[in-house]
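Shown next: coords11.csv, containing CSV, N, CA, C and O atoms.
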```
chain,number,residue,atom,x,y,z
T,960,MET,N,0.8,-1.2,0.0
T,960,MET,CA,0.0,0.0,0.0
T,960,MET,C,0.9,1.2,0.0
T,960,MET,O,1.9,1.3,0.7
T,961,LYS,N,0.5,2.2,-0.7
T,961,LYS,CA,1.2,3.5,-0.8
T,961,LYS,C,1.1,4.3,0.5
T,961,LYS,O,0.1,4.2,1.2
T,962,LEU,N,2.1,5.0,0.8
T,962,LEU,CA,2.1,5.8,2.0
T,962,LEU,C,0.9,6.8,2.1
T,962,LEU,O,0.3,6.9,3.2
T,963,ALA,N,0.6,7.4,1.0
T,963,ALA,CA,-0.6,8.3,1.0
T,963,ALA,C,-1.9,7.6,1.3
T,963,ALA,O,-2.7,8.1,2.1
T,964,GLN,N,-2.0,6.4,0.9
T,964,GLN,CA,-3.2,5.6,1.2
T,964,GLN,C,-3.2,5.2,2.6
T,964,GLN,O,-4.3,5.2,3.3
T,965,THR,N,-2.1,4.7,3.1
T,965,THR,CA,-2.0,4.4,4.5
T,965,THR,C,-2.3,5.6,5.4
T,965,THR,O,-3.1,5.4,6.4
T,966,PHE,N,-1.7,6.7,5.1
T,966,PHE,CA,-2.0,7.9,5.9
T,966,PHE,C,-3.5,8.2,5.9
T,966,PHE,O,-4.1,8.5,6.9
T,967,GLY,N,-4.1,8.2,4.7
T,967,GLY,CA,-5.5,8.5,4.6
T,967,GLY,C,-6.4,7.6,5.4
T,967,GLY,O,-7.3,8.0,6.0
T,968,LYS,N,-6.1,6.3,5.3
T,968,LYS,CA,-6.9,5.3,6.1
T,968,LYS,C,-6.8,5.6,7.5
T,968,LYS,O,-7.7,5.5,8.3
T,969,ASN,N,-5.5,5.9,8.0
T,969,ASN,CA,-5.3,6.1,9.4
T,969,ASN,C,-6.0,7.4,9.9
T,969,ASN,O,-6.6,7.4,11.0
T,970,VAL,N,-6.0,8.4,9.1
T,970,VAL,CA,-6.7,9.7,9.4
T,970,VAL,C,-8.2,9.4,9.5
T,970,VAL,O,-8.8,9.8,10.5
T,971,ARG,N,-8.7,8.7,8.6
T,971,ARG,CA,-10.2,8.4,8.6
T,971,ARG,C,-10.5,7.6,9.9
T,971,ARG,O,-11.5,7.9,10.6
T,972,ARG,N,-9.7,6.5,10.2
T,972,ARG,CA,-9.9,5.7,11.3
T,972,ARG,C,-9.9,6.5,12.6
T,972,ARG,O,-10.9,6.4,13.4
T,973,VAL,N,-8.9,7.3,12.8
T,973,VAL,CA,-8.7,8.1,14.1
T,973,VAL,C,-9.8,9.1,14.1
T,973,VAL,O,-10.4,9.4,15.2
T,974,ARG,N,-10.1,9.8,13.0
T,974,ARG,CA,-11.1,10.8,13.0
T,974,ARG,C,-12.5,10.2,13.4
T,974,ARG,O,-13.2,10.8,14.3
T,975,LEU,N,-12.8,9.0,12.9
T,975,LEU,CA,-14.1,8.4,13.3
T,975,LEU,C,-14.1,8.0,14.8
T,975,LEU,O,-15.1,8.1,15.5
T,976,GLU,N,-12.9,7.5,15.2
T,976,GLU,CA,-12.8,7.1,16.7
T,976,GLU,C,-13.0,8.3,17.6
T,976,GLU,O,-13.6,8.2,18.7
T,977,LYS,N,-12.6,9.5,17.1
T,977,LYS,CA,-12.8,10.7,17.9
T,977,LYS,C,-14.2,11.3,17.7
T,977,LYS,O,-14.5,12.4,18.3
T,978,GLY,N,-15.0,10.8,16.8
T,978,GLY,CA,-16.3,11.3,16.5
T,978,GLY,C,-16.3,12.6,15.8
T,978,GLY,O,-17.2,13.4,15.9
T,979,MET,N,-15.3,12.8,15.0
T,979,MET,CA,-15.1,14.0,14.2
T,979,MET,C,-15.5,13.8,12.8
T,979,MET,O,-15.2,12.8,12.2
T,980,THR,N,-16.2,14.8,12.2
T,980,THR,CA,-16.6,14.8,10.8
T,980,THR,C,-15.4,15.3,9.9
T,980,THR,O,-14.5,15.9,10.4
T,981,ILE,N,-15.5,15.0,8.6
T,981,ILE,CA,-14.5,15.5,7.7
T,981,ILE,C,-14.5,17.0,7.8
T,981,ILE,O,-13.4,17.7,7.8
T,982,GLU,N,-15.7,17.6,7.8
T,982,GLU,CA,-15.8,19.1,7.9
T,982,GLU,C,-15.2,19.6,9.1
T,982,GLU,O,-14.5,20.6,9.1
T,983,GLY,N,-15.4,18.9,10.3
T,983,GLY,CA,-14.8,19.4,11.5
T,983,GLY,C,-13.3,19.3,11.5
T,983,GLY,O,-12.6,20.3,12.0
T,984,LEU,N,-12.7,18.3,11.0
T,984,LEU,CA,-11.3,18.2,10.9
T,984,LEU,C,-10.7,19.2,9.9
T,984,LEU,O,-9.8,19.9,10.2
T,985,ALA,N,-11.4,19.4,8.8
T,985,ALA,CA,-11.0,20.4,7.8
T,985,ALA,C,-10.9,21.8,8.4
T,985,ALA,O,-10.0,22.5,8.2
T,986,ASN,N,-12.0,22.1,9.1
T,986,ASN,CA,-12.0,23.4,9.8
T,986,ASN,C,-10.9,23.6,10.8
T,986,ASN,O,-10.3,24.6,11.0
T,987,GLU,N,-10.7,22.5,11.6
T,987,GLU,CA,-9.6,22.5,12.6
T,987,GLU,C,-8.2,22.8,12.1
T,987,GLU,O,-7.4,23.4,12.7
T,988,VAL,N,-8.0,22.3,10.9
T,988,VAL,CA,-6.6,22.4,10.3
T,988,VAL,C,-6.6,23.4,9.2
T,988,VAL,O,-5.5,23.4,8.4
T,989,SER,N,-7.6,24.1,9.0
T,989,SER,CA,-7.7,25.1,7.9
T,989,SER,C,-7.4,24.6,6.5
T,989,SER,O,-6.6,25.1,5.7
T,990,LEU,N,-8.1,23.5,6.2
T,990,LEU,CA,-8.0,22.9,4.9
T,990,LEU,C,-9.5,22.8,4.3
T,990,LEU,O,-10.4,22.8,5.1
T,991,SER,N,-9.6,22.6,3.1
T,991,SER,CA,-11.0,22.4,2.5
T,991,SER,C,-11.5,21.0,2.8
T,991,SER,O,-10.7,20.1,2.9
T,992,TYR,N,-12.8,20.9,2.8
T,992,TYR,CA,-13.5,19.6,3.0
T,992,TYR,C,-13.0,18.7,1.9
T,992,TYR,O,-12.7,17.5,2.1
T,993,SER,N,-13.0,19.2,0.6
T,993,SER,CA,-12.6,18.3,-0.5
T,993,SER,C,-11.2,17.8,-0.4
T,993,SER,O,-10.9,16.6,-0.7
T,994,TYR,N,-10.3,18.7,0.1
T,994,TYR,CA,-8.9,18.3,0.2
T,994,TYR,C,-8.8,17.1,1.2
T,994,TYR,O,-8.1,16.1,1.0
T,995,VAL,N,-9.4,17.3,2.4
T,995,VAL,CA,-9.4,16.3,3.4
T,995,VAL,C,-10.0,15.0,2.9
T,995,VAL,O,-9.4,13.9,3.1
T,996,GLY,N,-11.1,15.0,2.2
T,996,GLY,CA,-11.7,13.8,1.7
T,996,GLY,C,-10.8,13.1,0.7
T,996,GLY,O,-10.7,11.9,0.7
T,997,GLU,N,-10.2,13.9,-0.2
T,997,GLU,CA,-9.3,13.3,-1.2
T,997,GLU,C,-8.0,12.7,-0.5
T,997,GLU,O,-7.5,11.7,-0.9
T,998,MET,N,-7.6,13.4,0.5
T,998,MET,CA,-6.4,12.9,1.3
T,998,MET,C,-6.8,11.6,1.9
T,998,MET,O,-6.0,10.6,1.9
T,999,GLN,N,-7.9,11.4,2.5
T,999,GLN,CA,-8.4,10.2,3.1
T,999,GLN,C,-8.5,9.0,2.1
T,999,GLN,O,-8.3,7.9,2.5
T,1000,ARG,N,-8.7,9.4,0.9
T,1000,ARG,CA,-8.8,8.3,-0.1
T,1000,ARG,C,-7.5,8.1,-0.8
T,1000,ARG,O,-7.4,7.3,-1.8
T,1001,GLY,N,-6.4,8.7,-0.4
T,1001,GLY,CA,-5.1,8.5,-0.9
T,1001,GLY,C,-4.9,9.2,-2.2
T,1001,GLY,O,-3.9,8.9,-3.0
T,1002,LYS,N,-5.7,10.2,-2.5
T,1002,LYS,CA,-5.6,10.9,-3.8
T,1002,LYS,C,-4.8,12.2,-3.7
T,1002,LYS,O,-4.4,12.8,-4.7
T,1003,ARG,N,-4.4,12.6,-2.5
T,1003,ARG,CA,-3.6,13.8,-2.2
T,1003,ARG,C,-2.4,13.4,-1.4
T,1003,ARG,O,-2.5,12.5,-0.6
T,1004,ASN,N,-1.3,14.0,-1.7
T,1004,ASN,CA,-0.1,13.8,-0.9
T,1004,ASN,C,0.2,15.0,0.0
T,1004,ASN,O,0.7,16.1,-0.5
T,1005,PRO,N,-0.2,15.0,1.3
T,1005,PRO,CA,0.0,16.1,2.1
T,1005,PRO,C,1.4,16.4,2.4
T,1005,PRO,O,2.3,15.5,2.4
T,1006,THR,N,1.7,17.7,2.7
T,1006,THR,CA,3.1,18.1,3.1
T,1006,THR,C,3.3,17.6,4.5
T,1006,THR,O,2.3,17.3,5.2
T,1007,LEU,N,4.5,17.7,5.0
T,1007,LEU,CA,4.8,17.3,6.4
T,1007,LEU,C,4.1,18.3,7.3
T,1007,LEU,O,3.7,17.9,8.4
T,1008,LYS,N,4.0,19.5,7.0
T,1008,LYS,CA,3.3,20.5,7.8
T,1008,LYS,C,1.9,20.1,8.0
T,1008,LYS,O,1.3,20.2,9.1
T,1009,VAL,N,1.2,19.7,6.9
T,1009,VAL,CA,-0.2,19.3,7.0
T,1009,VAL,C,-0.3,18.0,7.8
T,1009,VAL,O,-1.2,17.9,8.6
T,1010,VAL,N,0.6,17.1,7.7
T,1010,VAL,CA,0.6,15.8,8.5
T,1010,VAL,C,0.7,16.2,10.0
T,1010,VAL,O,-0.1,15.7,10.8
T,1011,GLU,N,1.6,17.1,10.3
T,1011,GLU,CA,1.7,17.6,11.7
T,1011,GLU,C,0.4,18.2,12.2
T,1011,GLU,O,0.0,18.0,13.3
T,1012,ARG,N,-0.2,19.1,11.4
T,1012,ARG,CA,-1.4,19.8,11.8
T,1012,ARG,C,-2.5,18.8,12.0
T,1012,ARG,O,-3.3,18.9,13.0
T,1013,ILE,N,-2.7,17.8,11.2
T,1013,ILE,CA,-3.7,16.8,11.3
T,1013,ILE,C,-3.5,16.0,12.5
T,1013,ILE,O,-4.4,15.7,13.3
T,1014,ALA,N,-2.3,15.5,12.7
T,1014,ALA,CA,-1.9,14.7,13.9
T,1014,ALA,C,-2.3,15.5,15.2
T,1014,ALA,O,-2.9,14.9,16.1
T,1015,LYS,N,-1.9,16.8,15.2
T,1015,LYS,CA,-2.2,17.6,16.4
T,1015,LYS,C,-3.7,17.7,16.6
T,1015,LYS,O,-4.2,17.5,17.8
T,1016,ALA,N,-4.4,17.9,15.6
T,1016,ALA,CA,-5.9,18.1,15.7
T,1016,ALA,C,-6.6,16.8,16.1
T,1016,ALA,O,-7.6,16.8,16.8
T,1017,LEU,N,-6.0,15.7,15.8
T,1017,LEU,CA,-6.5,14.4,16.1
T,1017,LEU,C,-6.0,13.9,17.5
T,1017,LEU,O,-6.5,12.8,18.0
T,1018,GLY,N,-5.0,14.5,18.0
T,1018,GLY,CA,-4.4,14.1,19.3
T,1018,GLY,C,-3.6,12.9,19.2
T,1018,GLY,O,-3.5,12.1,20.2
T,1019,VAL,N,-2.9,12.7,18.1
T,1019,VAL,CA,-2.0,11.5,17.9
T,1019,VAL,C,-0.7,12.0,17.4
T,1019,VAL,O,-0.6,13.1,16.9
T,1020,SER,N,0.3,11.1,17.3
T,1020,SER,CA,1.6,11.4,16.7
T,1020,SER,C,1.5,11.3,15.2
T,1020,SER,O,0.7,10.5,14.7
T,1021,ALA,N,2.3,12.0,14.5
T,1021,ALA,CA,2.4,11.9,13.1
T,1021,ALA,C,2.8,10.5,12.7
T,1021,ALA,O,2.3,9.9,11.7
T,1022,VAL,N,3.7,9.9,13.5
T,1022,VAL,CA,4.1,8.5,13.2
T,1022,VAL,C,3.0,7.6,13.2
T,1022,VAL,O,2.9,6.7,12.3
T,1023,GLU,N,2.1,7.7,14.1
T,1023,GLU,CA,0.9,6.8,14.2
T,1023,GLU,C,0.1,6.9,12.9
T,1023,GLU,O,-0.5,5.9,12.4
T,1024,LEU,N,0.0,8.1,12.3
T,1024,LEU,CA,-0.8,8.2,11.1
T,1024,LEU,C,-0.1,7.7,9.9
T,1024,LEU,O,-0.8,7.4,8.9
T,1025,LEU,N,1.2,7.5,9.9
T,1025,LEU,CA,2.0,7.1,8.8
T,1025,LEU,C,2.3,5.6,8.9
T,1025,LEU,O,2.7,5.0,7.9
T,1026,ARG,N,2.0,5.0,10.0
T,1026,ARG,CA,2.3,3.5,10.2
T,1026,ARG,C,1.3,2.6,9.6
T,1026,ARG,O,0.1,2.9,9.8
T,1027,GLU,N,1.7,1.6,9.0
T,1027,GLU,CA,0.8,0.6,8.4
T,1027,GLU,C,0.2,-0.3,9.5
T,1027,GLU,O,0.8,-0.5,10.5
```

Output the file's structure as structure tokens, nothing else.
Amino acid sequence: MKLAQTFGKNVRRVRLEKGMTIEGLANEVSLSYSYVGEMQRGKRNPTLKVVERIAKALGVSAVELLRE
């Protein structure tokens, strides 16, 4: 599995565990709803800054989101 897909799956999993919507996460990290949705499907390659912002918003480490 590609890293972008792994990251996207992990973001979705953690986001749902936290009871957060895509829109809620997007607002929290100042990204568009469509960008977050595409990222979760592995269609976008986020920068390291975006990875860090998402990890912080979800309350997990960036490594956790990148791990298979």

Pick from T:Val988, T:Met998, T:Val1010, T:Leu975, whichever lies nearest to Glu1023 in chain T using only C-alpha atoms =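 Of T:Val988, T:Met998, T:Val1010, T:Leu975, the one nearest Glu1023 in chain T is T:Val1010, counting only C-alpha atoms.
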
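We find CA of Gly1001 in chain T and CA of Gly967 in chain T to be spaced 5.5 Å apart.
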
task = Using all atoms listed in the file, give me every residue within 7 Å of (-5.2, 8.8, 17.2) in file coordinates, as a PyMOL selection string.
result = chain T and resi 969+972-974+1014+1017-1020

Nearby residues (all atoms listed in the file) at most 8 Å from Arg1003 in chain T, same-chain spacing under 2 positions excluded, as a list in words =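 In the requested form, the answer reads Leu962, Ala963, Gln964, Phe966, Gly967, Ser993, Tyr994, Val995, Gly996, Glu997, Met998, Gln999, Arg1000, Gly1001, Pro1005 and Thr1006 of chain T.
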
query = Do you have the atom O of Leu1025 in chain T-atom O of Met979 in chain T distance handy?
reply =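 Atom O of Met979 in chain T lies at a distance of 20.0 Å from atom O of Leu1025 in chain T.
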
query = atom C of Ala985 in chain T and atom N of Leu1024 in chain T are how many Å apart?
reply = 17.9 Å

task = Write down as a ChimeraX atom specification the residues belonging to chain T that are assigned alpha helix (DSSP H) by DSSP computed on the backbone.
result = /T:962-976,981-987,992-999,1007-1017,1021-1025

key: Best match for closeness to Ile1013 in chain T among T:Tyr992, T:Leu984, T:Lys961, T:Glu976, counting only N, CA, C and O atoms   = T:Leu984

message = My list of candidates is T:Glu1027, T:Ala1016, T:Ala1021, T:Asn1004. Which is closest to Lys968 in chain T when distances are computed with only C-alpha atoms?
response = T:Glu1027
